[in-house]
$ cat structure-v2.cif   # mmCIF, C-alpha atoms
data_upload
#
loop_
_atom_site.group_PDB
_atom_site.id
_atom_site.type_symbol
_atom_site.label_atom_id
_atom_site.label_comp_id
_atom_site.auth_asym_id
_atom_site.auth_seq_id
_atom_site.Cartn_x
_atom_site.Cartn_y
_atom_site.Cartn_z
ATOM 1 C CA MET N 1 10.291 -8.688 7.821
ATOM 2 C CA ILE N 2 9.562 -5.889 5.408
ATOM 3 C CA GLY N 3 7.073 -3.306 6.644
ATOM 4 C CA VAL N 4 4.410 -1.781 4.412
ATOM 5 C CA LEU N 5 2.931 1.671 5.012
ATOM 6 C CA LEU N 6 -0.091 2.748 2.977
ATOM 7 C CA VAL N 7 -0.588 6.519 2.658
ATOM 8 C CA SER N 8 -3.265 8.416 0.788
ATOM 9 C CA HIS N 9 -5.544 11.366 0.570
ATOM 10 C CA SER N 10 -8.499 10.937 2.937
ATOM 11 C CA LYS N 11 -9.411 7.389 3.960
ATOM 12 C CA LEU N 12 -8.229 5.377 0.928
ATOM 13 C CA ALA N 13 -5.176 3.931 2.716
ATOM 14 C CA GLN N 14 -7.242 2.828 5.714
ATOM 15 C CA GLY N 15 -9.842 1.298 3.401
ATOM 16 C CA MET N 16 -7.193 -0.618 1.468
ATOM 17 C CA LYS N 17 -5.636 -1.914 4.697
ATOM 18 C CA THR N 18 -9.083 -3.000 5.882
ATOM 19 C CA ALA N 19 -9.726 -4.769 2.547
ATOM 20 C CA VAL N 20 -6.349 -6.570 2.631
ATOM 21 C CA GLU N 21 -6.958 -7.766 6.176
ATOM 22 C CA PHE N 22 -10.526 -8.787 5.286
ATOM 23 C CA VAL N 23 -9.054 -11.162 2.706
ATOM 24 C CA ALA N 24 -5.782 -12.143 4.376
ATOM 25 C CA GLY N 25 -6.387 -11.652 8.095
ATOM 26 C CA GLU N 26 -4.583 -9.271 10.422
ATOM 27 C CA GLN N 27 -1.051 -8.540 9.246
ATOM 28 C CA LYS N 28 2.089 -7.684 11.189
ATOM 29 C CA ASN N 29 4.122 -4.590 10.233
ATOM 30 C CA PHE N 30 1.331 -3.261 8.006
ATOM 31 C CA PHE N 31 0.262 0.338 8.587
ATOM 32 C CA SER N 32 -1.963 3.004 7.041
ATOM 33 C CA LEU N 33 -2.414 6.735 7.349
ATOM 34 C CA GLY N 34 -4.468 9.244 5.416
ATOM 35 C CA LEU N 35 -4.040 12.969 4.927
ATOM 36 C CA GLU N 36 -7.281 14.457 6.194
ATOM 37 C CA GLU N 37 -8.810 17.939 6.052
ATOM 38 C CA SER N 38 -6.899 18.880 9.214
ATOM 39 C CA GLY N 39 -3.895 19.398 6.925
ATOM 40 C CA VAL N 40 -0.321 18.434 6.284
ATOM 41 C CA ALA N 41 1.016 19.627 9.653
ATOM 42 C CA THR N 42 -1.350 17.299 11.528
ATOM 43 C CA TYR N 43 -0.572 14.473 9.092
ATOM 44 C CA ARG N 44 3.166 14.871 9.719
ATOM 45 C CA VAL N 45 2.631 14.741 13.488
ATOM 46 C CA GLU N 46 0.673 11.498 13.018
ATOM 47 C CA LEU N 47 3.430 10.130 10.752
ATOM 48 C CA GLU N 48 6.099 10.972 13.301
ATOM 49 C CA LYS N 49 4.129 9.193 16.024
ATOM 50 C CA LEU N 50 3.621 6.140 13.805
ATOM 51 C CA VAL N 51 7.343 6.047 12.982
ATOM 52 C CA ALA N 52 8.327 6.444 16.647
ATOM 53 C CA ASP N 53 6.190 3.411 17.507
ATOM 54 C CA LEU N 54 7.582 1.124 14.784
ATOM 55 C CA PRO N 55 9.115 -2.137 16.010
ATOM 56 C CA LYS N 56 12.887 -1.768 16.452
ATOM 57 C CA GLU N 57 13.563 -4.994 14.513
ATOM 58 C CA LEU N 58 11.988 -3.540 11.367
ATOM 59 C CA LYS N 59 14.777 -2.641 8.924
ATOM 60 C CA GLN N 60 12.952 -2.041 5.633
ATOM 61 C CA MET N 61 9.742 -0.203 4.721
ATOM 62 C CA ILE N 62 7.787 0.109 1.506
ATOM 63 C CA ILE N 63 5.596 3.191 1.347
ATOM 64 C CA VAL N 64 2.662 2.679 -1.016
ATOM 65 C CA CYS N 65 0.861 5.889 -1.921
ATOM 66 C CA ASP N 66 -2.227 6.694 -3.954
ATOM 67 C CA ILE N 67 -0.707 9.071 -6.540
ATOM 68 C CA PRO N 68 2.851 10.025 -7.498
ATOM 69 C CA SER N 69 4.237 13.213 -5.971
ATOM 70 C CA GLY N 70 1.204 13.733 -3.727
ATOM 71 C CA SER N 71 1.520 15.209 -0.257
ATOM 72 C CA PRO N 72 0.806 11.930 1.582
ATOM 73 C CA GLY N 73 3.653 10.081 -0.123
ATOM 74 C CA THR N 74 6.202 12.877 -0.208
ATOM 75 C CA ASN N 75 5.678 13.663 3.473
ATOM 76 C CA ALA N 76 5.815 9.994 4.459
ATOM 77 C CA TYR N 77 9.071 9.583 2.562
ATOM 78 C CA ASP N 78 10.489 12.725 4.176
ATOM 79 C CA VAL N 79 9.648 11.533 7.699
ATOM 80 C CA LEU N 80 10.872 7.957 7.146
ATOM 81 C CA ALA N 81 14.078 9.170 5.467
ATOM 82 C CA GLN N 82 15.111 10.512 8.884
ATOM 83 C CA THR N 83 15.239 6.955 10.249
ATOM 84 C CA ASP N 84 17.711 4.109 9.724
ATOM 85 C CA LEU N 85 15.128 2.172 7.686
ATOM 86 C CA GLU N 86 15.804 1.221 4.088
ATOM 87 C CA ILE N 87 12.880 2.876 2.283
ATOM 88 C CA GLU N 88 11.242 2.376 -1.089
ATOM 89 C CA MET N 89 8.092 4.105 -2.329
ATOM 90 C CA LEU N 90 5.500 2.967 -4.853
ATOM 91 C CA SER N 91 2.465 4.802 -6.169
ATOM 92 C CA GLY N 92 -0.810 3.614 -7.667
ATOM 93 C CA MET N 93 -1.893 1.218 -4.940
ATOM 94 C CA ASN N 94 -4.500 -1.358 -5.778
ATOM 95 C CA LEU N 95 -5.819 -4.352 -3.872
ATOM 96 C CA ALA N 96 -4.186 -7.012 -6.059
ATOM 97 C CA MET N 97 -0.785 -5.340 -5.659
ATOM 98 C CA LEU N 98 -1.153 -5.063 -1.904
ATOM 99 C CA LEU N 99 -2.334 -8.629 -1.410
ATOM 100 C CA ASP N 100 0.617 -9.928 -3.411
ATOM 101 C CA MET N 101 3.087 -7.819 -1.473
ATOM 102 C CA ILE N 102 1.627 -8.554 1.960
ATOM 103 C CA LEU N 103 1.174 -12.282 1.457
ATOM 104 C CA MET N 104 4.533 -12.833 -0.264
ATOM 105 C CA ARG N 105 6.870 -10.843 2.005
ATOM 106 C CA GLU N 106 8.495 -13.909 3.548
ATOM 107 C CA GLY N 107 11.588 -15.079 1.727
ATOM 108 C CA LYS N 108 11.732 -12.195 -0.770
ATOM 109 C CA THR N 109 14.209 -9.389 -0.913
ATOM 110 C CA LEU N 110 12.905 -5.851 -0.850
ATOM 111 C CA GLN N 111 13.616 -5.432 -4.560
ATOM 112 C CA GLN N 112 11.917 -8.742 -5.488
ATOM 113 C CA LEU N 113 8.850 -7.779 -3.484
ATOM 114 C CA ILE N 114 8.631 -4.393 -5.182
ATOM 115 C CA ALA N 115 9.061 -5.824 -8.691
ATOM 116 C CA ASP N 116 6.473 -8.542 -8.086
ATOM 117 C CA GLY N 117 4.024 -6.100 -6.491
ATOM 118 C CA ILE N 118 4.290 -3.685 -9.411
ATOM 119 C CA GLN N 119 3.796 -6.495 -11.920
ATOM 120 C CA THR N 120 0.755 -7.846 -10.075
ATOM 121 C CA GLY N 121 -0.710 -4.348 -9.897
ATOM 122 C CA LYS N 122 -0.232 -3.838 -13.626
ATOM 123 C CA ASP N 123 -1.600 -7.285 -14.460
ATOM 124 C CA SER N 124 -4.744 -6.627 -12.430
ATOM 125 C CA ILE N 125 -5.707 -3.583 -14.496
ATOM 126 C CA SER N 126 -7.838 -4.613 -17.432
ATOM 127 C CA ARG N 127 -10.957 -3.659 -19.264
ATOM 128 C CA MET N 128 -13.772 -6.020 -18.426
ATOM 129 C CA ASP N 129 -15.523 -6.620 -21.750
ATOM 130 C CA PHE N 130 -18.784 -8.507 -21.546
ATOM 131 C CA SER N 131 -19.972 -7.550 -25.030
ATOM 132 C CA ASP N 132 -19.432 -11.062 -26.413
ATOM 133 C CA GLU N 133 -21.972 -12.577 -24.045
ATOM 134 C CA GLU N 134 -25.119 -13.915 -25.626
ATOM 135 C CA ASP N 135 -28.368 -12.128 -24.908
ATOM 136 C CA ASP N 136 -30.566 -13.965 -22.433
ATOM 137 C CA ASP N 137 -33.489 -13.424 -24.828
ATOM 138 C CA GLU N 138 -31.984 -15.715 -27.479
ATOM 139 C CA PHE N 139 -32.993 -19.321 -26.848
#

$ encode --input "structure-v2.cif" --output "structure tokens"
Amino acid sequence: MIGVLLVSHSKLAQGMKTAVEFVAGEQKNFFSLGLEESGVATYRVELEKLVADLPKELKQMIIVCDIPSGSPGTNAYDVLAQTDLEIEMLSGMNLAMLLDMILMREGKTLQQLIADGIQTGKDSISRMDFSDEEDDDEF
């Protein structure tokens, strides 16, 4: 199975993991970690502990970060690059993207899962325009 690690500034990653599991139930090989005010050094120690505790049968990991080139993602990639895992990293996490990726991991290659997750994320971003609705006052 493909693992998914959510990383972010502050508690966004933990909140997204909580939201995914609220909708989809508890998920295996799904992790989150946020960079808190304690700093990058503490974050890296937490990353290293998380990586040390990963199941040995896990061979692939997708890191999903909040913004491109941010400290949470770059440090997560750096720590995971020291393992034997095949790693990919995506930025711009949103709930639709994560649900698609988490629920559709079975039977997809790593590259298929990434492409589908990105497309779902893009498709979920839209302007909600309610201006065409009729006024309630007009009967």

$ residues_near_point --input "structure-v2.cif" --point "(6.1, 1.4, 12.1)" --cutoff "9 Å" --atoms "all atoms listed in the file" --output "PyMOL selection string"
chain N and resi 3-5+29-31+49-56+58+61

$ atom_distance --input "structure-v2.cif" --atom1 "atom CA of Lys28 of chain N" --atom2 "atom CA of Lys122 of chain N"
25.2 Å

$ residues_around --input "structure-v2.cif" --residues "Leu35 of chain N" --least-positions-apart "2" --cutoff "6 Å" --atoms "all atoms listed in the file" --output "NGL selection string"
:N and (9-10 or 43 or 72)

$ resolve_selection --input "structure-v2.cif" --expression "the PyMOL selection byres ((chain N and resi 96) around 8)" --output "ChimeraX atom specification"
/N:94-95,97-100,120-121,124

$ resolve_selection --input "structure-v2.cif" --expression "the PyMOL selection byres ((chain N and resi 108-110) around 12)" --output "ChimeraX atom specification"
/N:1-4,59-63,85-89,100-107,111-117

$ closest_residue --input "structure-v2.cif" --among "N:Met93, N:Val23, N:Ile125, N:Met16" --to "Ile67 of chain N" --atoms "all atoms listed in the file"
N:Met93

$ closest_residue --input "structure-v2.cif" --among "N:Val7, N:Ala13, N:Ala76, N:Ala81" --to "Val45 of chain N" --atoms "only C-alpha atoms"
N:Ala76

$ atom_distance --input "structure-v2.cif" --atom1 "atom CA of Ser8 of chain N" --atom2 "atom CA of Asn75 of chain N"
10.7 Å

$ atom_distance --input "structure-v2.cif" --atom1 "atom CA of Leu33 of chain N" --atom2 "atom CA of Leu90 of chain N"
15.0 Å

$ axis_aligned_box --input "structure-v2.cif" --around "segment 38-41 of chain N" --padding-each-side "8 Å" --output "JSON"
{"center_x": -2.9, "center_y": 19.0, "center_z": 8.0, "size_x": 23.9, "size_y": 17.2, "size_z": 19.4}

$ closest_residue --input "structure-v2.cif" --among "N:Glu48, N:Gly34, N:Arg127, N:Lys11" --to "Gln82 of chain N" --atoms "all atoms listed in the file"
N:Glu48

$ decode --input "structure-v2.cif" --residues "segment 37-52 of chain N" --atoms "all heavy atoms" --output "compact mmCIF listing (two decimals), in the first residue's frame"
# COMPACT_ATOMS: atom_id res chain seq x y z
N GLU N 37 5.52 26.17 16.66
CA GLU N 37 6.38 27.28 17.10
C GLU N 37 7.68 26.82 17.74
O GLU N 37 8.64 27.59 17.84
CB GLU N 37 5.61 28.18 18.07
CG GLU N 37 4.50 28.95 17.39
CD GLU N 37 3.72 29.83 18.36
OE1 GLU N 37 4.14 29.97 19.53
OE2 GLU N 37 2.69 30.36 17.95
N SER N 38 7.75 25.55 18.13
CA SER N 38 8.98 25.02 18.73
C SER N 38 10.13 24.97 17.72
O SER N 38 11.28 24.84 18.11
CB SER N 38 8.73 23.64 19.33
OG SER N 38 8.20 22.77 18.36
N GLY N 39 9.82 25.06 16.43
CA GLY N 39 10.84 25.21 15.41
C GLY N 39 11.16 23.99 14.58
O GLY N 39 10.67 22.89 14.83
N VAL N 40 12.01 24.23 13.60
CA VAL N 40 12.36 23.21 12.62
C VAL N 40 13.13 22.06 13.25
O VAL N 40 12.92 20.89 12.90
CB VAL N 40 13.15 23.83 11.44
CG1 VAL N 40 13.68 22.76 10.51
CG2 VAL N 40 12.27 24.80 10.67
N ALA N 41 14.01 22.34 14.18
CA ALA N 41 14.81 21.27 14.81
C ALA N 41 13.90 20.26 15.51
O ALA N 41 14.07 19.05 15.35
CB ALA N 41 15.82 21.86 15.78
N THR N 42 12.92 20.76 16.25
CA THR N 42 11.96 19.87 16.92
C THR N 42 11.12 19.11 15.91
O THR N 42 10.86 17.91 16.06
CB THR N 42 11.06 20.70 17.86
OG1 THR N 42 11.88 21.36 18.82
CG2 THR N 42 10.06 19.83 18.58
N TYR N 43 10.70 19.79 14.85
CA TYR N 43 9.91 19.17 13.79
C TYR N 43 10.70 18.02 13.16
O TYR N 43 10.15 16.94 12.92
CB TYR N 43 9.56 20.25 12.75
CG TYR N 43 8.83 19.76 11.53
CD1 TYR N 43 7.49 19.39 11.58
CD2 TYR N 43 9.48 19.71 10.30
CE1 TYR N 43 6.82 18.98 10.45
CE2 TYR N 43 8.82 19.29 9.16
CZ TYR N 43 7.50 18.93 9.23
OH TYR N 43 6.83 18.51 8.11
N ARG N 44 11.96 18.24 12.88
CA ARG N 44 12.79 17.18 12.27
C ARG N 44 12.93 15.98 13.20
O ARG N 44 12.90 14.84 12.73
CB ARG N 44 14.16 17.72 11.88
CG ARG N 44 14.12 18.54 10.61
CD ARG N 44 15.52 18.91 10.18
NE ARG N 44 16.27 17.78 9.66
CZ ARG N 44 16.37 17.47 8.37
NH1 ARG N 44 15.74 18.20 7.47
NH2 ARG N 44 17.09 16.44 7.98
N VAL N 45 13.07 16.21 14.50
CA VAL N 45 13.14 15.11 15.45
C VAL N 45 11.83 14.31 15.40
O VAL N 45 11.85 13.07 15.38
CB VAL N 45 13.42 15.62 16.88
CG1 VAL N 45 13.20 14.54 17.92
CG2 VAL N 45 14.84 16.19 16.97
N GLU N 46 10.70 15.01 15.35
CA GLU N 46 9.40 14.34 15.26
C GLU N 46 9.26 13.57 13.95
O GLU N 46 8.73 12.46 13.92
CB GLU N 46 8.27 15.36 15.42
CG GLU N 46 8.19 15.94 16.82
CD GLU N 46 7.23 17.12 16.92
OE1 GLU N 46 6.66 17.55 15.89
OE2 GLU N 46 7.06 17.63 18.04
N LEU N 47 9.75 14.15 12.86
CA LEU N 47 9.74 13.46 11.56
C LEU N 47 10.58 12.19 11.61
O LEU N 47 10.15 11.13 11.13
CB LEU N 47 10.32 14.37 10.47
CG LEU N 47 9.40 15.34 9.78
CD1 LEU N 47 10.20 16.33 8.95
CD2 LEU N 47 8.40 14.61 8.91
N GLU N 48 11.76 12.29 12.18
CA GLU N 48 12.64 11.13 12.26
C GLU N 48 12.02 10.02 13.09
O GLU N 48 12.14 8.84 12.75
CB GLU N 48 14.01 11.55 12.81
CG GLU N 48 14.79 12.38 11.80
CD GLU N 48 15.99 13.12 12.39
OE1 GLU N 48 16.22 13.04 13.62
OE2 GLU N 48 16.69 13.80 11.61
N LYS N 49 11.33 10.38 14.16
CA LYS N 49 10.64 9.37 14.97
C LYS N 49 9.50 8.73 14.18
O LYS N 49 9.33 7.51 14.17
CB LYS N 49 10.10 10.00 16.25
CG LYS N 49 9.43 9.00 17.18
CD LYS N 49 8.94 9.66 18.45
CE LYS N 49 8.29 8.72 19.42
NZ LYS N 49 7.46 7.67 18.90
N LEU N 50 8.72 9.55 13.48
CA LEU N 50 7.62 9.04 12.66
C LEU N 50 8.16 8.07 11.61
O LEU N 50 7.63 6.98 11.43
CB LEU N 50 6.89 10.21 11.99
CG LEU N 50 5.64 9.90 11.20
CD1 LEU N 50 4.67 11.07 11.29
CD2 LEU N 50 5.90 9.57 9.77
N VAL N 51 9.24 8.45 10.94
CA VAL N 51 9.83 7.61 9.90
C VAL N 51 10.38 6.31 10.48
O VAL N 51 10.21 5.24 9.90
CB VAL N 51 10.92 8.39 9.12
CG1 VAL N 51 11.72 7.47 8.23
CG2 VAL N 51 10.27 9.51 8.31
N ALA N 52 11.00 6.38 11.64
CA ALA N 52 11.53 5.18 12.28
C ALA N 52 10.44 4.19 12.64
O ALA N 52 10.67 2.97 12.66
CB ALA N 52 12.32 5.57 13.53
